[in-house]
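File shown: protein_21.cif. Contents: mmCIF, C-alpha atoms.
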data_model
loop_
_atom_site.group_PDB
_atom_site.id
_atom_site.type_symbol
_atom_site.label_atom_id
_atom_site.label_comp_id
_atom_site.auth_asym_id
_atom_site.auth_seq_id
_atom_site.Cartn_x
_atom_site.Cartn_y
_atom_site.Cartn_z
ATOM 1 C CA MET F 1 -73.924 -72.773 84.928
ATOM 2 C CA SER F 2 -77.606 -72.230 84.150
ATOM 3 C CA TYR F 3 -80.899 -73.926 84.941
ATOM 4 C CA SER F 4 -84.430 -73.091 83.828
ATOM 5 C CA TRP F 5 -87.959 -74.406 84.194
ATOM 6 C CA VAL F 6 -91.502 -73.365 83.313
ATOM 7 C CA GLY F 7 -94.671 -74.878 84.720
ATOM 8 C CA SER F 8 -95.984 -75.883 81.311
ATOM 9 C CA ARG F 9 -93.157 -78.446 81.087
ATOM 10 C CA TYR F 10 -93.973 -80.067 84.424
ATOM 11 C CA MET F 11 -96.795 -78.738 86.583
ATOM 12 C CA PHE F 12 -96.243 -80.350 90.030
ATOM 13 C CA LEU F 13 -100.007 -80.588 90.580
ATOM 14 C CA ASP F 14 -100.670 -82.135 94.028
ATOM 15 C CA GLU F 15 -96.891 -82.561 94.224
ATOM 16 C CA ILE F 16 -94.241 -80.920 96.358
ATOM 17 C CA SER F 17 -90.784 -80.593 94.830
ATOM 18 C CA VAL F 18 -87.684 -79.375 96.670
ATOM 19 C CA SER F 19 -84.377 -79.403 94.821
ATOM 20 C CA GLU F 20 -80.989 -77.714 94.840
ATOM 21 C CA GLN F 21 -78.900 -76.143 92.116
ATOM 22 C CA LYS F 22 -75.360 -75.576 93.418
ATOM 23 C CA GLY F 23 -76.446 -74.010 96.707
ATOM 24 C CA ILE F 24 -79.657 -72.438 95.415
ATOM 25 C CA HIS F 25 -82.748 -74.182 96.760
ATOM 26 C CA ILE F 26 -85.962 -74.373 94.740
ATOM 27 C CA GLY F 27 -89.405 -75.252 96.086
ATOM 28 C CA ARG F 28 -92.326 -75.886 93.732
ATOM 29 C CA TYR F 29 -95.964 -76.794 94.204
ATOM 30 C CA GLY F 30 -98.498 -76.699 91.386
ATOM 31 C CA GLY F 31 -101.653 -76.397 93.465
ATOM 32 C CA HIS F 32 -104.310 -78.814 94.692
ATOM 33 C CA THR F 33 -106.494 -80.368 92.017
ATOM 34 C CA LEU F 34 -109.429 -80.712 94.423
ATOM 35 C CA SER F 35 -109.449 -76.905 94.560
ATOM 36 C CA GLY F 36 -109.471 -76.736 90.759
ATOM 37 C CA ALA F 37 -105.757 -76.378 89.993
ATOM 38 C CA ASN F 38 -105.070 -77.632 86.476
ATOM 39 C CA LYS F 39 -102.004 -75.728 85.262
ATOM 40 C CA ASN F 40 -98.802 -74.117 86.475
ATOM 41 C CA GLU F 41 -97.712 -70.821 84.934
ATOM 42 C CA ASP F 42 -94.677 -70.101 87.117
ATOM 43 C CA GLY F 43 -91.162 -70.125 85.701
ATOM 44 C CA LEU F 44 -87.581 -69.560 86.759
ATOM 45 C CA MET F 45 -84.036 -69.318 85.532
ATOM 46 C CA ILE F 46 -80.786 -69.458 87.509
ATOM 47 C CA ILE F 47 -77.324 -68.477 86.285
ATOM 48 C CA GLN F 48 -74.291 -68.551 88.545
ATOM 49 C CA SER F 49 -70.551 -68.373 88.195
ATOM 50 C CA GLU F 50 -68.540 -71.542 88.378
ATOM 51 C CA THR F 51 -66.905 -70.327 91.579
ATOM 52 C CA GLY F 52 -70.183 -69.250 93.181
ATOM 53 C CA HIS F 53 -68.854 -65.667 93.255
ATOM 54 C CA TRP F 54 -72.179 -64.372 91.981
ATOM 55 C CA LYS F 55 -75.699 -65.666 91.443
ATOM 56 C CA LEU F 56 -78.539 -64.426 89.233
ATOM 57 C CA ALA F 57 -82.078 -65.731 89.735
ATOM 58 C CA VAL F 58 -85.152 -64.903 87.662
ATOM 59 C CA LEU F 59 -88.630 -65.774 88.944
ATOM 60 C CA MET F 60 -91.882 -65.377 87.013
ATOM 61 C CA ASP F 61 -95.590 -65.781 87.653
ATOM 62 C CA ALA F 62 -97.549 -65.677 84.400
ATOM 63 C CA HIS F 63 -101.280 -65.862 83.779
ATOM 64 C CA GLN F 64 -103.498 -67.059 80.940
ATOM 65 C CA SER F 65 -100.592 -69.271 79.860
ATOM 66 C CA ALA F 66 -96.904 -69.821 80.589
ATOM 67 C CA ASP F 67 -95.981 -68.439 77.154
ATOM 68 C CA SER F 68 -94.706 -65.105 78.473
ATOM 69 C CA ALA F 69 -92.506 -66.786 81.109
ATOM 70 C CA THR F 70 -91.084 -69.083 78.437
ATOM 71 C CA LEU F 71 -90.393 -66.084 76.201
ATOM 72 C CA VAL F 72 -88.432 -64.269 78.934
ATOM 73 C CA ILE F 73 -86.344 -67.356 79.695
ATOM 74 C CA ASP F 74 -85.625 -68.105 76.038
ATOM 75 C CA TYR F 75 -84.699 -64.492 75.365
ATOM 76 C CA LEU F 76 -82.342 -64.246 78.332
ATOM 77 C CA LEU F 77 -80.680 -67.526 77.373
ATOM 78 C CA SER F 78 -80.210 -66.228 73.832
ATOM 79 C CA GLN F 79 -78.406 -63.214 75.311
ATOM 80 C CA GLN F 80 -76.341 -65.199 77.794
ATOM 81 C CA GLU F 81 -72.932 -64.441 76.301
ATOM 82 C CA GLU F 82 -73.452 -60.692 76.683
ATOM 83 C CA LEU F 83 -75.245 -61.181 79.999
ATOM 84 C CA ASP F 84 -72.277 -63.129 81.359
ATOM 85 C CA ARG F 85 -69.979 -60.247 80.437
ATOM 86 C CA VAL F 86 -72.168 -57.843 82.387
ATOM 87 C CA LEU F 87 -72.430 -60.133 85.395
ATOM 88 C CA ASN F 88 -68.668 -60.690 85.491
ATOM 89 C CA SER F 89 -67.689 -57.054 84.984
ATOM 90 C CA SER F 90 -66.044 -54.961 87.693
ATOM 91 C CA ASP F 91 -68.883 -52.388 87.575
ATOM 92 C CA THR F 92 -71.809 -54.809 87.419
ATOM 93 C CA PHE F 93 -73.967 -52.972 89.955
ATOM 94 C CA GLN F 94 -73.694 -49.762 87.940
ATOM 95 C CA ARG F 95 -74.703 -51.537 84.720
ATOM 96 C CA LEU F 96 -77.565 -53.839 85.695
ATOM 97 C CA ASP F 97 -80.481 -51.368 85.648
ATOM 98 C CA HIS F 98 -79.527 -50.025 82.252
ATOM 99 C CA TYR F 99 -78.828 -53.487 80.850
ATOM 100 C CA PHE F 100 -82.134 -55.121 81.785
ATOM 101 C CA SER F 101 -84.357 -52.135 81.094
ATOM 102 C CA GLY F 102 -82.721 -51.800 77.682
ATOM 103 C CA LEU F 103 -83.043 -55.522 77.021
ATOM 104 C CA PHE F 104 -86.783 -55.602 77.708
ATOM 105 C CA ALA F 105 -87.398 -52.302 75.895
ATOM 106 C CA GLY F 106 -85.759 -53.553 72.704
ATOM 107 C CA ARG F 107 -87.999 -53.616 69.657
ATOM 108 C CA ASP F 108 -87.464 -57.284 68.819
ATOM 109 C CA PHE F 109 -88.382 -58.398 72.325
ATOM 110 C CA ARG F 110 -91.451 -56.136 72.514
ATOM 111 C CA GLU F 111 -92.661 -57.427 69.157
ATOM 112 C CA ALA F 112 -92.221 -61.014 70.342
ATOM 113 C CA CYS F 113 -94.322 -60.187 73.410
ATOM 114 C CA GLN F 114 -97.284 -59.394 71.169
ATOM 115 C CA ASN F 115 -97.284 -62.980 69.893
ATOM 116 C CA VAL F 116 -97.699 -64.666 73.285
ATOM 117 C CA GLU F 117 -100.844 -65.469 75.212
ATOM 118 C CA GLY F 118 -100.957 -63.543 78.470
ATOM 119 C CA GLU F 119 -98.259 -61.787 80.447
ATOM 120 C CA THR F 120 -95.977 -62.396 83.410
ATOM 121 C CA ALA F 121 -94.638 -60.788 86.543
ATOM 122 C CA CYS F 122 -90.851 -60.917 86.520
ATOM 123 C CA LEU F 123 -88.419 -60.604 89.421
ATOM 124 C CA ILE F 124 -84.651 -60.657 88.882
ATOM 125 C CA LEU F 125 -82.154 -60.813 91.743
ATOM 126 C CA TYR F 126 -78.360 -60.677 91.521
ATOM 127 C CA GLN F 127 -76.081 -61.348 94.489
ATOM 128 C CA ARG F 128 -72.354 -60.763 94.450
ATOM 129 C CA ASP F 129 -70.248 -60.816 97.589
ATOM 130 C CA GLN F 130 -72.071 -58.768 100.245
ATOM 131 C CA TYR F 131 -74.445 -56.921 97.901
ATOM 132 C CA LEU F 132 -77.827 -57.565 96.297
ATOM 133 C CA TRP F 133 -79.524 -55.955 93.303
ATOM 134 C CA TRP F 134 -83.094 -56.554 92.198
ATOM 135 C CA PHE F 135 -85.358 -55.643 89.301
ATOM 136 C CA SER F 136 -89.089 -56.209 89.655
ATOM 137 C CA VAL F 137 -92.067 -55.998 87.323
ATOM 138 C CA GLY F 138 -95.307 -57.080 88.995
ATOM 139 C CA ASP F 139 -96.110 -59.003 92.130
ATOM 140 C CA CYS F 140 -93.335 -61.527 92.799
ATOM 141 C CA THR F 141 -91.546 -60.643 96.024
ATOM 142 C CA ALA F 142 -88.013 -60.854 97.409
ATOM 143 C CA TYR F 143 -86.804 -60.895 101.015
ATOM 144 C CA LEU F 144 -83.543 -60.483 102.861
ATOM 145 C CA LEU F 145 -83.790 -62.320 106.178
ATOM 146 C CA HIS F 146 -81.416 -61.488 109.027
ATOM 147 C CA PRO F 147 -81.967 -61.023 112.781
ATOM 148 C CA GLN F 148 -80.699 -57.426 112.752
ATOM 149 C CA LEU F 149 -83.286 -56.544 110.122
ATOM 150 C CA ALA F 150 -86.054 -58.612 111.690
ATOM 151 C CA GLU F 151 -85.551 -56.640 114.917
ATOM 152 C CA TRP F 152 -86.911 -53.633 112.993
ATOM 153 C CA ASP F 153 -89.571 -55.635 111.116
ATOM 154 C CA GLN F 154 -87.582 -55.249 107.920
ATOM 155 C CA TYR F 155 -87.859 -58.277 105.674
ATOM 156 C CA MET F 156 -88.902 -57.366 102.130
ATOM 157 C CA LEU F 157 -86.672 -56.038 99.388
ATOM 158 C CA ASN F 158 -89.477 -55.026 97.047
ATOM 159 C CA GLN F 159 -93.222 -54.488 97.263
ATOM 160 C CA ARG F 160 -95.908 -56.390 95.369
ATOM 161 C CA GLN F 161 -97.028 -54.274 92.448
ATOM 162 C CA PHE F 162 -100.262 -55.166 90.698
ATOM 163 C CA TYR F 163 -101.006 -54.230 87.078
ATOM 164 C CA GLU F 164 -97.397 -54.505 85.916
ATOM 165 C CA TRP F 165 -96.397 -57.216 83.452
ATOM 166 C CA ILE F 166 -94.155 -58.296 80.622
ATOM 167 C CA GLY F 167 -95.978 -59.911 77.696
ATOM 168 C CA ARG F 168 -99.091 -59.139 75.668
ATOM 169 C CA VAL F 169 -99.793 -56.323 78.117
ATOM 170 C CA ASN F 170 -96.289 -54.937 78.530
ATOM 171 C CA THR F 171 -94.998 -52.168 80.775
ATOM 172 C CA PHE F 172 -92.144 -51.658 78.314
ATOM 173 C CA ASP F 173 -94.633 -50.601 75.645
ATOM 174 C CA GLN F 174 -95.612 -47.610 77.767
ATOM 175 C CA PRO F 175 -94.094 -44.143 77.227
ATOM 176 C CA VAL F 176 -92.624 -44.532 80.722
ATOM 177 C CA PRO F 177 -91.987 -48.201 81.645
ATOM 178 C CA CYS F 178 -92.972 -48.925 85.245
ATOM 179 C CA TYR F 179 -90.848 -51.231 87.373
ATOM 180 C CA SER F 180 -88.841 -51.095 90.588
ATOM 181 C CA SER F 181 -85.204 -51.813 91.300
ATOM 182 C CA GLY F 182 -82.796 -51.411 94.162
ATOM 183 C CA ARG F 183 -79.668 -52.470 95.970
ATOM 184 C CA ARG F 184 -79.093 -53.753 99.468
ATOM 185 C CA GLU F 185 -76.065 -54.558 101.573
ATOM 186 C CA LEU F 186 -76.070 -57.916 103.316
ATOM 187 C CA ARG F 187 -75.660 -57.866 107.071
ATOM 188 C CA SER F 188 -72.682 -59.538 108.724
ATOM 189 C CA GLY F 189 -73.053 -63.255 109.304
ATOM 190 C CA ARG F 190 -75.817 -65.472 107.971
ATOM 191 C CA ASN F 191 -78.237 -63.958 105.453
ATOM 192 C CA VAL F 192 -81.137 -65.824 103.843
ATOM 193 C CA ILE F 193 -82.272 -64.557 100.441
ATOM 194 C CA VAL F 194 -85.771 -65.509 99.299
ATOM 195 C CA MET F 195 -87.829 -65.024 96.129
ATOM 196 C CA LEU F 196 -91.390 -66.266 95.791
ATOM 197 C CA THR F 197 -94.529 -66.132 93.681
ATOM 198 C CA ASP F 198 -97.828 -64.970 95.133
ATOM 199 C CA GLY F 199 -99.135 -68.514 95.466
ATOM 200 C CA VAL F 200 -97.014 -68.765 98.622
ATOM 201 C CA LEU F 201 -98.534 -65.583 100.042
ATOM 202 C CA ASP F 202 -102.156 -66.186 99.130
ATOM 203 C CA GLY F 203 -102.365 -69.905 99.982
ATOM 204 C CA ALA F 204 -102.729 -71.468 103.449
ATOM 205 C CA GLU F 205 -105.217 -68.737 104.399
ATOM 206 C CA GLY F 206 -102.571 -66.090 103.784
ATOM 207 C CA TYR F 207 -100.304 -67.334 106.574
ATOM 208 C CA TYR F 208 -97.078 -66.479 104.745
ATOM 209 C CA ASN F 209 -98.400 -63.081 103.718
ATOM 210 C CA SER F 210 -96.906 -62.085 107.068
ATOM 211 C CA PRO F 211 -93.168 -61.565 106.507
ATOM 212 C CA ALA F 212 -92.572 -62.460 110.159
ATOM 213 C CA HIS F 213 -94.100 -65.905 109.568
ATOM 214 C CA LEU F 214 -91.890 -66.361 106.520
ATOM 215 C CA TYR F 215 -88.853 -65.371 108.586
ATOM 216 C CA GLU F 216 -89.726 -67.933 111.257
ATOM 217 C CA ALA F 217 -90.185 -70.612 108.593
ATOM 218 C CA LEU F 218 -86.878 -69.998 106.816
ATOM 219 C CA TYR F 219 -84.425 -68.485 109.291
ATOM 220 C CA ASN F 220 -83.913 -71.294 111.790
ATOM 221 C CA ASP F 221 -81.626 -74.238 112.515
ATOM 222 C CA ASN F 222 -83.335 -76.639 110.087
ATOM 223 C CA SER F 223 -82.008 -77.314 106.606
ATOM 224 C CA MET F 224 -83.319 -75.145 103.788
ATOM 225 C CA SER F 225 -84.795 -78.235 102.127
ATOM 226 C CA HIS F 226 -86.710 -79.067 105.302
ATOM 227 C CA ASN F 227 -88.008 -75.505 105.582
ATOM 228 C CA LEU F 228 -89.176 -75.306 101.972
ATOM 229 C CA HIS F 229 -90.921 -78.653 102.267
ATOM 230 C CA HIS F 230 -92.660 -77.439 105.438
ATOM 231 C CA ILE F 231 -93.946 -74.294 103.698
ATOM 232 C CA LEU F 232 -95.216 -76.178 100.664
ATOM 233 C CA SER F 233 -96.772 -78.897 102.844
ATOM 234 C CA ARG F 234 -98.791 -76.224 104.612
ATOM 235 C CA LEU F 235 -100.080 -75.015 101.241
ATOM 236 C CA HIS F 236 -100.990 -78.554 100.222
ATOM 237 C CA THR F 237 -102.745 -79.265 103.533
ATOM 238 C CA HIS F 238 -104.897 -76.182 102.981
ATOM 239 C CA GLN F 239 -105.549 -77.312 99.400
ATOM 240 C CA ALA F 240 -104.079 -74.149 97.892
ATOM 241 C CA TYR F 241 -105.353 -73.459 94.396
ATOM 242 C CA ASP F 242 -102.541 -71.344 92.980
ATOM 243 C CA SER F 243 -99.097 -72.614 92.050
ATOM 244 C CA ALA F 244 -96.282 -71.618 94.413
ATOM 245 C CA THR F 245 -92.562 -71.323 93.697
ATOM 246 C CA LEU F 246 -89.696 -70.276 95.971
ATOM 247 C CA ILE F 247 -86.008 -69.684 95.307
ATOM 248 C CA CYS F 248 -83.734 -69.418 98.369
ATOM 249 C CA TRP F 249 -80.071 -69.341 99.185
ATOM 250 C CA GLU F 250 -77.847 -68.458 102.118
ATOM 251 C CA VAL F 251 -74.828 -66.171 102.245
ATOM 252 C CA ASP F 252 -72.444 -66.101 105.187
ATOM 253 C CA ASN F 253 -71.103 -62.557 104.928
ATOM 254 C CA PRO F 254 -67.689 -62.175 106.619
ATOM 255 C CA HIS F 255 -67.596 -58.419 106.032
ATOM 256 C CA GLY F 256 -68.703 -55.717 108.407
ATOM 257 C CA ALA F 257 -72.006 -54.043 107.542
ATOM 258 C CA ALA F 258 -72.943 -50.393 107.964
ATOM 259 C CA ILE F 259 -73.980 -49.354 111.481
ATOM 260 C CA PRO F 260 -74.651 -45.911 113.006
ATOM 261 C CA SER F 261 -71.537 -43.978 113.953
ATOM 262 C CA ASP F 262 -72.594 -43.819 117.619
ATOM 263 C CA MET F 263 -72.665 -47.636 117.815
ATOM 264 C CA LYS F 264 -69.112 -48.230 116.580
#
Would you mind writing the file out in structure tokens?
Amino acid sequence: MSYSWVGSRYMFLDEISVSEQKGIHIGRYGGHTLSGANKNEDGLMIIQSETGHWKLAVLMDAHQSADSATLVIDYLLSQQEELDRVLNSSDTFQRLDHYFSGLFAGRDFREACQNVEGETACLILYQRDQYLWWFSVGDCTAYLLHPQLAEWDQYMLNQRQFYEWIGRVNTFDQPVPCYSSGRRELRSGRNVIVMLTDGVLDGAEGYYNSPAHLYEALYNDNSMSHNLHHILSRLHTHQAYDSATLICWEVDNPHGAAIPSDMK
């Protein structure tokens, strides 16, 4: 099952959209026209197994145009047969870094990037059972929300990186491509996984730039749809200029998670 969208197809200007794709919740807001918003350059793609055994989400925040986000989506969809084999393999977590870095470093893709207007940040997150993997170019951010982590002020999976992109200016054209990737074990019980573009962080006077505020907004007893609508409503009330997109889902992990040996 796959789903994709780019802001050039529908911009959500002055409009809050909250939807669900088989357990994955999507929140979109194109910005307030009274603040000058007139386009939406975000994009996303979701692929998940029929059984829900694994989920792959791709989130992008382009600038100058949505061309680069569209290119990434179209290219990944054109590779979906091979991508599905990787995502369904028994050693997926050992293969993902090599697969995606090789995909984006390929000559055909890099040549196609030179024919688009602008460039995009790109964040990819794969969840399978009690593990997460992410691959990040640029300034989209991902979070793993859980009370045990929040107790230590640990929320973010990656860090915003400025001056990294895929597109006309392309990190994969450099002698040493610059990106970040990592893996994380889910904690036992309820985990909330979040991906967002910087319009969420920079709007509403930077309220959600605090990971603790984002945790309070998303890890509570309300439905995920309610929480996403609340976040986007705050952006709209403050007449946020930039487009904002969130992808969220919950995982109830029945497995034990690593703890120090003196706490067992």
Excluding Tyr99 (chain F) and its own-chain neighbours fewer than 6 positions away, which residues fall within 12 Å of it when counting all atoms listed in the file? Please give them as a PDB file with C-alpha atoms, in the frame of the given file.
ATOM      1  CA  LEU F  76     -82.342 -64.246  78.332  1.00  0.00           C
ATOM      2  CA  GLN F  79     -78.406 -63.214  75.311  1.00  0.00           C
ATOM      3  CA  GLU F  82     -73.452 -60.692  76.683  1.00  0.00           C
ATOM      4  CA  LEU F  83     -75.245 -61.181  79.999  1.00  0.00           C
ATOM      5  CA  ASP F  84     -72.277 -63.129  81.359  1.00  0.00           C
ATOM      6  CA  ARG F  85     -69.979 -60.247  80.437  1.00  0.00           C
ATOM      7  CA  VAL F  86     -72.168 -57.843  82.387  1.00  0.00           C
ATOM      8  CA  LEU F  87     -72.430 -60.133  85.395  1.00  0.00           C
ATOM      9  CA  THR F  92     -71.809 -54.809  87.419  1.00  0.00           C
ATOM     10  CA  PHE F  93     -73.967 -52.972  89.955  1.00  0.00           C
ATOM     11  CA  ALA F 105     -87.398 -52.302  75.895  1.00  0.00           C
ATOM     12  CA  GLY F 106     -85.759 -53.553  72.704  1.00  0.00           C
ATOM     13  CA  PHE F 135     -85.358 -55.643  89.301  1.00  0.00           C
TER      14      PHE F 135
END
*Care to translate the PyMOL selection byres ((chain F and resi 167) around 12) into actual residues of this file, as a PyMOL selection string?*
chain F and resi 60-72+104-105+109-122+137-138+164-166+168-173
*asked:* Which residue is closest to Glu151 (chain F)? Choose from F:Val251, F:Ala212, F:Val6, F:Ile46 and count all atoms listed in the file.
replied: F:Ala212
*asked:* Taking all atoms listed in the file into account, name the residue in F:Tyr131, F:Trp5, F:Tyr179, F:Tyr126 that is nearest to Met45 (chain F).
replied: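 Among the listed residues, F:Trp5 lies closest to Met45 (chain F).
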*Excluding Gln130 (chain F) and any residue of its chain fewer than 3 positions from it, enumerate the residues within 8 Å of it, using all atoms listed in the file, and give them as a PyMOL selection string.*
chain F and resi 127+185-187+253+255
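If only C-alpha atoms are the atoms counted, then among F:Tyr207, F:Tyr163, F:Tyr219, F:Trp134 the closest residue to Pro147 (chain F) is F:Tyr219.
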*Go through F:Tyr10, F:Tyr3, F:Tyr29, F:Tyr75 and flag the residue nearest Ala240 (chain F), using all atoms listed in the file for the distances.*
F:Tyr29
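Distances here use only C-alpha atoms; by that measure, the residue among F:Val176, F:Leu34, F:Leu218, F:Met11 closest to Glu250 (chain F) is F:Leu218.
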*Skip Gly30 (chain F) itself and residues of its chain fewer than 3 positions away, then list as a list in words all residues within 9 Å of it, counting only C-alpha atoms.*
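Using only C-alpha atoms, the neighbours found are Gly7, Tyr10, Met11, Phe12, Leu13, Asp14, Glu15, Ile16, Thr33, Ala37, Asn38, Lys39, Asn40, Glu41, Asp42, Ala240, Tyr241, Asp242, Ser243, Ala244 and Thr245 of chain F.
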